[in-house]
Amino acid sequence: MTRPFGVKGHKRKKTEENCDREEFEQFIKEEATEHLDGETTVAAVLTQDKEEKLYEDDDRDLPGIPIAPLDQTNKPGVIFILEKASLEVAKVGKTYQILNSEDHAHFLRKNNKNPADYRPDIVHQALLMILDSPINKAGRVRAVYVRTDKGVLFEVKPYVRIPRTYKRFAGIMLQLLQKLSITAVGKREKLMRVIKNPVTQYLPLNSHKIGFSYSSEKLVEFQDYIAPFKDDINFVFMVGAMAHGKINKESADDYISISGYPLSAAWCIADICKGLARKWKIV
C-alpha cells in the first residue's frame with residue numbers, strides 16, 4: 001500500500017538575510033541624517049550581523065549605573081570639552097568603520113590622507129581618564145562634551161561606562177555617529193547623544209572657560225593657577241584630543257600651558273584632575 005502523498009521537506013521561508021543587501025544599503029543612505037555642518041552622516045543600523053552583535057555586546061557595557069552622589073548642589077563642578085577628536089566614519093570594504101592610523105593606513109594613503117592625523121585612541125584615553133578620576137566619582141564632573149574634527153558635537157554623561165578596549169570603544173562611537181544617540185539598556189535615558197553647536201549654550205553662567213595648549217605663552221603651575229578661584233565657579237576645561245594642532249582659543253576666557261613640554265591629552269587631564277582633587281580636598 002502506497003502513501004497517498006509524498007513526504008516532502010519543509011520549504012525554507014524567506015528571511016531578511018535573503019534580501020538584496022545592496023538595495024537595503026541604498027535605502028539606508030537615502031534616509032541619512034543631515035548634520036549642522038552640512039555634511040551627511042548615515043543614520044541607520046549597519047546591515048552586517050557581526051557588527052549588530054558587537055553593538056549588543058557594547059550596550060551591555062553601558063547600563064547607565066550612576067557612580068556619583070545624587071546631591072550635587074552648592075558644590076563647584078567641572079566640565080570637560082575635548083576638541084578636534086578624530087572620529088571619522090568611512091566605508092572600508094563592505095562595512096562602515098571609524099578610521100584609525102593602525103588599521104586603515106593603506107586606505108587613508110589611497111585617498112590622499114595622512115594616517116598620522118587619524119588617532120581616535122586619543123579621545124578614548126582622555127574619556128577614560130576623566131570618567132575614572134576621583135573628582136568624577138565624587139560627583140564633581142558636571143558634563144563631558146566632545147567635538148570632532150568635522151564639527152560634530154556630542155555629550156557624554158559622567159556616569160557612563162566607557163568600554164576599556166579600543167575596539168569596543170570604536171564600535172560604540174560608530175553607533176553613536178550613525179544613530180545619533182546611545183540609550184541605556186532597559187531605560188530611555190540617553191547616555192551619549194549628538195547635540196547642536198555651539199557648546200557654549202550648554203555651559204552654566206558662573207563658568208570660567210580655560211583652554212590648554214603647549215603653544216600658549218602663559219606657562220603656569222596648575223595648582224597655583226586655580227587656587228585664587230572662588231568655590232562657586234564652575235571650571236570649563238578645553239583640551240585638544242588630536243595628534244597635531246591646537247584648539248581654537250577665541251571661545252576661551254583664558255589660554256594657558258601647564259608644562260614646558262608637549263603633553264598628551266590623557267596626561268593633561270590627569271594633571272587637571274589631580275589639581276582639582278587637591279583644591280576640593282577629594283582623597
# chains A, B, ... in the order shown; residues from 1 in each chain; ligands from 1
$ residues_around --residues "Met192 of chain A" --least-positions-apart "2" --cutoff "8 Å" --atoms "only C-alpha atoms" --output "VMD selection string"
chain A and resid 154 to 157 176 181 to 183 190 194
$ write_last_selection --atoms "C-alpha atoms" --output "PDB file, in the first residue's frame"
ATOM      1  CA  PHE A 154      28.117  65.150  21.276  1.00  0.00           C
ATOM      2  CA  GLU A 155      27.605  64.834  25.020  1.00  0.00           C
ATOM      3  CA  VAL A 156      28.835  62.013  27.253  1.00  0.00           C
ATOM      4  CA  LYS A 157      27.130  61.544  30.624  1.00  0.00           C
ATOM      5  CA  LEU A 176      26.702  56.998  18.121  1.00  0.00           C
ATOM      6  CA  SER A 181      22.475  58.573  20.415  1.00  0.00           C
ATOM      7  CA  ILE A 182      23.273  55.674  22.740  1.00  0.00           C
ATOM      8  CA  THR A 183      20.496  54.630  25.113  1.00  0.00           C
ATOM      9  CA  LYS A 190      20.446  58.700  26.521  1.00  0.00           C
ATOM     10  CA  VAL A 194      24.729  64.248  19.295  1.00  0.00           C
TER      11      VAL A 194
END
$ closest_atom_pairs --of "segment 122-212 of chain A" --to "segment 230-247 of chain A" --cutoff "12 Å" --atoms "only C-alpha atoms" --output "CSV"
residue,atom,partner,partner_atom,distance
A:Ile122,CA,A:Ala241,CA,5.8
A:Val123,CA,A:Ala241,CA,5.4
A:His124,CA,A:Ala241,CA,9.1
A:Gln125,CA,A:Ala241,CA,9.3
A:Ala126,CA,A:Ala241,CA,7.4
A:Leu127,CA,A:Ala241,CA,9.8
A:Ile130,CA,A:Phe237,CA,11.5
A:Arg140,CA,A:Asn234,CA,9.6
A:Val141,CA,A:Phe235,CA,9.6
A:Arg142,CA,A:Asn234,CA,8.8
A:Ala143,CA,A:Val236,CA,9.5
A:Val144,CA,A:Val236,CA,9.7
A:Tyr145,CA,A:Met238,CA,9.5
A:Val146,CA,A:Ala241,CA,8.8
A:Arg147,CA,A:Ala241,CA,9.1
A:Thr148,CA,A:Ala241,CA,8.8
A:Asp149,CA,A:Met242,CA,8.4
A:Val199,CA,A:Met238,CA,11.0
A:Thr200,CA,A:Val236,CA,10.1
A:Tyr202,CA,A:Val236,CA,11.2
A:Leu203,CA,A:Val236,CA,8.2
A:Pro204,CA,A:Asn234,CA,7.5
A:Leu205,CA,A:Asn234,CA,8.7
A:Asn206,CA,A:Ile233,CA,5.7
A:Ser207,CA,A:Asn234,CA,4.5
A:His208,CA,A:Phe235,CA,5.2
A:Lys209,CA,A:Val236,CA,4.6
A:Ile210,CA,A:Phe237,CA,5.0
A:Gly211,CA,A:Met238,CA,4.7
A:Phe212,CA,A:Val239,CA,5.6
$ write_last_selection --atoms "C-alpha atoms" --output "PDB file, in the first residue's frame"
ATOM      1  CA  ILE A 122      43.423  59.756  21.915  1.00  0.00           C
ATOM      2  CA  VAL A 123      39.823  60.649  22.767  1.00  0.00           C
ATOM      3  CA  HIS A 124      39.323  57.128  24.151  1.00  0.00           C
ATOM      4  CA  GLN A 125      42.214  57.564  26.588  1.00  0.00           C
ATOM      5  CA  ALA A 126      41.034  61.078  27.505  1.00  0.00           C
ATOM      6  CA  LEU A 127      37.493  59.909  28.302  1.00  0.00           C
ATOM      7  CA  ILE A 130      38.029  61.785  33.075  1.00  0.00           C
ATOM      8  CA  ARG A 140      32.075  66.958  40.596  1.00  0.00           C
ATOM      9  CA  VAL A 141      32.184  66.340  36.840  1.00  0.00           C
ATOM     10  CA  ARG A 142      29.065  68.082  35.529  1.00  0.00           C
ATOM     11  CA  ALA A 143      29.351  67.134  31.856  1.00  0.00           C
ATOM     12  CA  VAL A 144      31.723  65.961  29.141  1.00  0.00           C
ATOM     13  CA  TYR A 145      31.468  67.231  25.576  1.00  0.00           C
ATOM     14  CA  VAL A 146      33.375  66.002  22.535  1.00  0.00           C
ATOM     15  CA  ARG A 147      33.655  67.883  19.250  1.00  0.00           C
ATOM     16  CA  THR A 148      35.069  66.012  16.277  1.00  0.00           C
ATOM     17  CA  ASP A 149      37.398  67.496  13.698  1.00  0.00           C
ATOM     18  CA  VAL A 199      28.781  74.137  23.066  1.00  0.00           C
ATOM     19  CA  THR A 200      28.641  77.439  24.959  1.00  0.00           C
ATOM     20  CA  TYR A 202      25.081  74.273  27.461  1.00  0.00           C
ATOM     21  CA  LEU A 203      27.534  75.878  29.897  1.00  0.00           C
ATOM     22  CA  PRO A 204      26.392  77.405  33.216  1.00  0.00           C
ATOM     23  CA  LEU A 205      26.526  81.158  33.659  1.00  0.00           C
ATOM     24  CA  ASN A 206      29.035  81.070  36.503  1.00  0.00           C
ATOM     25  CA  SER A 207      31.664  79.220  34.492  1.00  0.00           C
ATOM     26  CA  HIS A 208      35.238  80.076  33.578  1.00  0.00           C
ATOM     27  CA  LYS A 209      36.452  78.633  30.263  1.00  0.00           C
ATOM     28  CA  ILE A 210      40.139  77.690  30.149  1.00  0.00           C
ATOM     29  CA  GLY A 211      41.921  76.435  27.049  1.00  0.00           C
ATOM     30  CA  PHE A 212      45.080  74.332  27.195  1.00  0.00           C
TER      31      PHE A 212
END
$ atom_distance --atom1 "atom CA of Ile269 of chain A" --atom2 "atom CA of Ser101 of chain A"
23.2 Å
$ residues_around --residues "Pro262 of chain A" --least-positions-apart "3" --cutoff "9 Å" --atoms "only C-alpha atoms" --output "ChimeraX atom specification"
/A:213-215,259
$ atom_distance --atom1 "atom CA of Glu83 of chain A" --atom2 "atom CA of Leu153 of chain A"
9.3 Å
$ residues_around --residues "Glu102 of chain A" --least-positions-apart "4" --cutoff "10 Å" --atoms "only C-alpha atoms" --output "list of chain:residue names"
A:His106, A:Pro115, A:Ala116, A:Tyr118, A:Arg119
$ atom_distance --atom1 "atom CA of Gly186 of chain A" --atom2 "atom CA of Ala138 of chain A"
25.7 Å
$ closest_residue --among "A:Ala85, A:Leu191, A:Leu180, A:Ala270" --to "Ile162 of chain A" --atoms "only C-alpha atoms"
A:Leu191
$ residues_around --residues "segment 279-281 of chain A" --least-positions-apart "6" --cutoff "8 Å" --atoms "only C-alpha atoms" --output "list in words"
Gln223, Ile226 and Ala227 of chain A
$ select_by_dssp --residues "segment 77-259 of chain A" --states "helix (DSSP H, G or I)" --output "MDAnalysis selection string"
chainID A and resid 105:110 115:117 120:131 134:137 166:179 199:202 222:226
$ write_last_selection --atoms "C-alpha atoms" --output "PDB file, in the first residue's frame"
ATOM      1  CA  ALA A 105      46.864  53.256   6.809  1.00  0.00           C
ATOM      2  CA  HIS A 106      46.660  51.862   3.267  1.00  0.00           C
ATOM      3  CA  PHE A 107      43.074  53.060   2.821  1.00  0.00           C
ATOM      4  CA  LEU A 108      43.995  56.560   4.025  1.00  0.00           C
ATOM      5  CA  ARG A 109      47.050  56.875   1.777  1.00  0.00           C
ATOM      6  CA  LYS A 110      44.980  55.631  -1.158  1.00  0.00           C
ATOM      7  CA  PRO A 115      47.359  58.382   8.563  1.00  0.00           C
ATOM      8  CA  ALA A 116      49.053  60.241  11.436  1.00  0.00           C
ATOM      9  CA  ASP A 117      46.007  62.534  11.730  1.00  0.00           C
ATOM     10  CA  PRO A 120      40.640  58.061  17.727  1.00  0.00           C
ATOM     11  CA  ASP A 121      42.521  56.312  20.526  1.00  0.00           C
ATOM     12  CA  ILE A 122      43.423  59.756  21.915  1.00  0.00           C
ATOM     13  CA  VAL A 123      39.823  60.649  22.767  1.00  0.00           C
ATOM     14  CA  HIS A 124      39.323  57.128  24.151  1.00  0.00           C
ATOM     15  CA  GLN A 125      42.214  57.564  26.588  1.00  0.00           C
ATOM     16  CA  ALA A 126      41.034  61.078  27.505  1.00  0.00           C
ATOM     17  CA  LEU A 127      37.493  59.909  28.302  1.00  0.00           C
ATOM     18  CA  LEU A 128      38.775  57.043  30.431  1.00  0.00           C
ATOM     19  CA  MET A 129      40.979  59.463  32.371  1.00  0.00           C
ATOM     20  CA  ILE A 130      38.029  61.785  33.075  1.00  0.00           C
ATOM     21  CA  LEU A 131      35.486  59.114  33.981  1.00  0.00           C
ATOM     22  CA  PRO A 134      38.278  60.670  41.824  1.00  0.00           C
ATOM     23  CA  ILE A 135      36.595  64.019  41.085  1.00  0.00           C
ATOM     24  CA  ASN A 136      34.101  62.244  38.823  1.00  0.00           C
ATOM     25  CA  LYS A 137      33.406  59.543  41.381  1.00  0.00           C
ATOM     26  CA  TYR A 166      39.687  50.485  21.889  1.00  0.00           C
ATOM     27  CA  LYS A 167      37.951  48.023  19.539  1.00  0.00           C
ATOM     28  CA  ARG A 168      34.736  48.057  21.545  1.00  0.00           C
ATOM     29  CA  PHE A 169      35.001  51.823  22.063  1.00  0.00           C
ATOM     30  CA  ALA A 170      35.220  52.287  18.279  1.00  0.00           C
ATOM     31  CA  GLY A 171      32.044  50.216  17.895  1.00  0.00           C
ATOM     32  CA  ILE A 172      30.222  52.494  20.340  1.00  0.00           C
ATOM     33  CA  MET A 173      31.446  55.653  18.584  1.00  0.00           C
ATOM     34  CA  LEU A 174      30.386  54.241  15.224  1.00  0.00           C
ATOM     35  CA  GLN A 175      26.905  53.540  16.544  1.00  0.00           C
ATOM     36  CA  LEU A 176      26.702  56.998  18.121  1.00  0.00           C
ATOM     37  CA  LEU A 177      27.641  58.839  14.927  1.00  0.00           C
ATOM     38  CA  GLN A 178      25.176  56.770  12.906  1.00  0.00           C
ATOM     39  CA  LYS A 179      22.220  56.578  15.283  1.00  0.00           C
ATOM     40  CA  VAL A 199      28.781  74.137  23.066  1.00  0.00           C
ATOM     41  CA  THR A 200      28.641  77.439  24.959  1.00  0.00           C
ATOM     42  CA  GLN A 201      24.830  77.272  25.111  1.00  0.00           C
ATOM     43  CA  TYR A 202      25.081  74.273  27.461  1.00  0.00           C
ATOM     44  CA  PHE A 222      48.204  74.470  37.565  1.00  0.00           C
ATOM     45  CA  GLN A 223      47.755  74.129  41.341  1.00  0.00           C
ATOM     46  CA  ASP A 224      48.727  77.768  41.876  1.00  0.00           C
ATOM     47  CA  TYR A 225      46.595  78.888  38.926  1.00  0.00           C
ATOM     48  CA  ILE A 226      43.291  77.517  40.236  1.00  0.00           C
TER      49      ILE A 226
END
$ select_by_dssp --residues "segment 70-105 of chain A" --states "strand (DSSP E or B)" --output "VMD selection string"
chain A and resid 78 to 85 89 to 92 95 to 98
$ write_last_selection --atoms "all heavy atoms" --output "short mmCIF file (atom, residue, chain, number, x, y, z; two decimals), in the first residue's frame"
data_model
loop_
_atom_site.label_atom_id
_atom_site.label_comp_id
_atom_site.auth_asym_id
_atom_site.auth_seq_id
_atom_site.Cartn_x
_atom_site.Cartn_y
_atom_site.Cartn_z
N VAL A 78 33.10 70.76 37.37
CA VAL A 78 33.99 70.92 36.23
C VAL A 78 33.34 70.32 35.00
O VAL A 78 32.64 69.31 35.09
CB VAL A 78 35.37 70.27 36.50
CG1 VAL A 78 35.22 68.79 36.83
CG2 VAL A 78 36.31 70.47 35.33
N ILE A 79 33.55 70.96 33.88
CA ILE A 79 33.06 70.49 32.59
C ILE A 79 34.25 70.36 31.66
O ILE A 79 35.08 71.27 31.57
CB ILE A 79 32.02 71.46 31.99
CG1 ILE A 79 30.79 71.55 32.90
CG2 ILE A 79 31.61 71.03 30.58
CD1 ILE A 79 29.81 72.63 32.50
N PHE A 80 34.34 69.23 30.98
CA PHE A 80 35.44 69.00 30.04
C PHE A 80 34.90 69.07 28.62
O PHE A 80 33.85 68.52 28.30
CB PHE A 80 36.08 67.63 30.27
CG PHE A 80 36.94 67.56 31.50
CD1 PHE A 80 36.41 67.10 32.70
CD2 PHE A 80 38.27 67.94 31.46
CE1 PHE A 80 37.19 67.02 33.84
CE2 PHE A 80 39.07 67.86 32.59
CZ PHE A 80 38.53 67.41 33.78
N ILE A 81 35.67 69.76 27.75
CA ILE A 81 35.36 69.82 26.33
C ILE A 81 36.59 69.30 25.58
O ILE A 81 37.66 69.91 25.63
CB ILE A 81 35.03 71.25 25.87
CG1 ILE A 81 33.86 71.82 26.68
CG2 ILE A 81 34.70 71.27 24.38
CD1 ILE A 81 33.55 73.27 26.37
N LEU A 82 36.43 68.16 24.91
CA LEU A 82 37.52 67.57 24.14
C LEU A 82 37.36 68.01 22.69
O LEU A 82 36.36 67.69 22.03
CB LEU A 82 37.49 66.05 24.25
CG LEU A 82 37.57 65.50 25.69
CD1 LEU A 82 37.52 63.98 25.68
CD2 LEU A 82 38.81 66.00 26.40
N GLU A 83 38.33 68.77 22.21
CA GLU A 83 38.23 69.41 20.90
C GLU A 83 38.97 68.61 19.82
O GLU A 83 39.98 67.97 20.07
CB GLU A 83 38.82 70.82 20.96
CG GLU A 83 38.04 71.79 21.85
CD GLU A 83 36.82 72.36 21.16
OE1 GLU A 83 36.54 71.95 20.01
OE2 GLU A 83 36.14 73.21 21.75
N LYS A 84 38.41 68.69 18.60
CA LYS A 84 39.02 68.15 17.39
C LYS A 84 39.35 66.66 17.49
O LYS A 84 40.42 66.22 17.06
CB LYS A 84 40.28 68.96 17.01
CG LYS A 84 39.99 70.41 16.68
CD LYS A 84 41.23 71.13 16.20
CE LYS A 84 40.91 72.56 15.80
NZ LYS A 84 42.12 73.28 15.32
N ALA A 85 38.44 65.91 18.06
CA ALA A 85 38.64 64.47 18.17
C ALA A 85 38.54 63.82 16.79
O ALA A 85 37.65 64.15 16.00
CB ALA A 85 37.61 63.86 19.11
N VAL A 89 33.97 58.53 10.12
CA VAL A 89 33.38 57.28 9.65
C VAL A 89 33.55 57.17 8.14
O VAL A 89 33.31 58.13 7.41
CB VAL A 89 31.88 57.22 10.01
CG1 VAL A 89 31.26 55.92 9.50
CG2 VAL A 89 31.69 57.35 11.50
N ALA A 90 33.97 56.00 7.69
CA ALA A 90 34.10 55.75 6.25
C ALA A 90 33.75 54.30 5.96
O ALA A 90 33.86 53.44 6.83
CB ALA A 90 35.51 56.07 5.78
N LYS A 91 33.36 54.05 4.73
CA LYS A 91 33.05 52.70 4.32
C LYS A 91 34.32 52.04 3.80
O LYS A 91 34.86 52.41 2.75
CB LYS A 91 31.97 52.68 3.23
CG LYS A 91 31.47 51.28 2.92
CD LYS A 91 30.32 51.31 1.92
CE LYS A 91 29.81 49.89 1.65
NZ LYS A 91 28.70 49.90 0.65
N VAL A 92 34.80 51.07 4.55
CA VAL A 92 36.01 50.33 4.18
C VAL A 92 35.58 48.91 3.81
O VAL A 92 35.12 48.15 4.67
CB VAL A 92 37.03 50.30 5.34
CG1 VAL A 92 38.30 49.57 4.91
CG2 VAL A 92 37.36 51.72 5.79
N THR A 95 31.86 47.39 5.07
CA THR A 95 31.36 47.87 6.36
C THR A 95 31.81 49.29 6.62
O THR A 95 32.82 49.77 6.07
CB THR A 95 31.86 46.98 7.50
OG1 THR A 95 33.29 47.04 7.56
CG2 THR A 95 31.42 45.54 7.31
N TYR A 96 31.08 49.97 7.49
CA TYR A 96 31.46 51.31 7.94
C TYR A 96 32.32 51.17 9.20
O TYR A 96 32.02 50.37 10.09
CB TYR A 96 30.23 52.15 8.24
CG TYR A 96 29.47 52.56 7.00
CD1 TYR A 96 28.42 51.79 6.52
CD2 TYR A 96 29.83 53.71 6.30
CE1 TYR A 96 27.74 52.15 5.37
CE2 TYR A 96 29.15 54.08 5.15
CZ TYR A 96 28.11 53.30 4.69
OH TYR A 96 27.44 53.65 3.55
N GLN A 97 33.39 51.96 9.27
CA GLN A 97 34.33 51.86 10.37
C GLN A 97 34.82 53.25 10.78
O GLN A 97 34.78 54.19 9.98
CB GLN A 97 35.53 50.98 9.99
CG GLN A 97 35.17 49.56 9.58
CD GLN A 97 36.38 48.76 9.13
OE1 GLN A 97 37.51 49.03 9.55
NE2 GLN A 97 36.16 47.77 8.28
N ILE A 98 35.29 53.35 12.04
CA ILE A 98 35.98 54.54 12.50
C ILE A 98 37.43 54.44 12.02
O ILE A 98 38.13 53.48 12.36
CB ILE A 98 35.95 54.66 14.03
CG1 ILE A 98 34.51 54.82 14.53
CG2 ILE A 98 36.80 55.83 14.51
CD1 ILE A 98 33.89 56.16 14.23
#
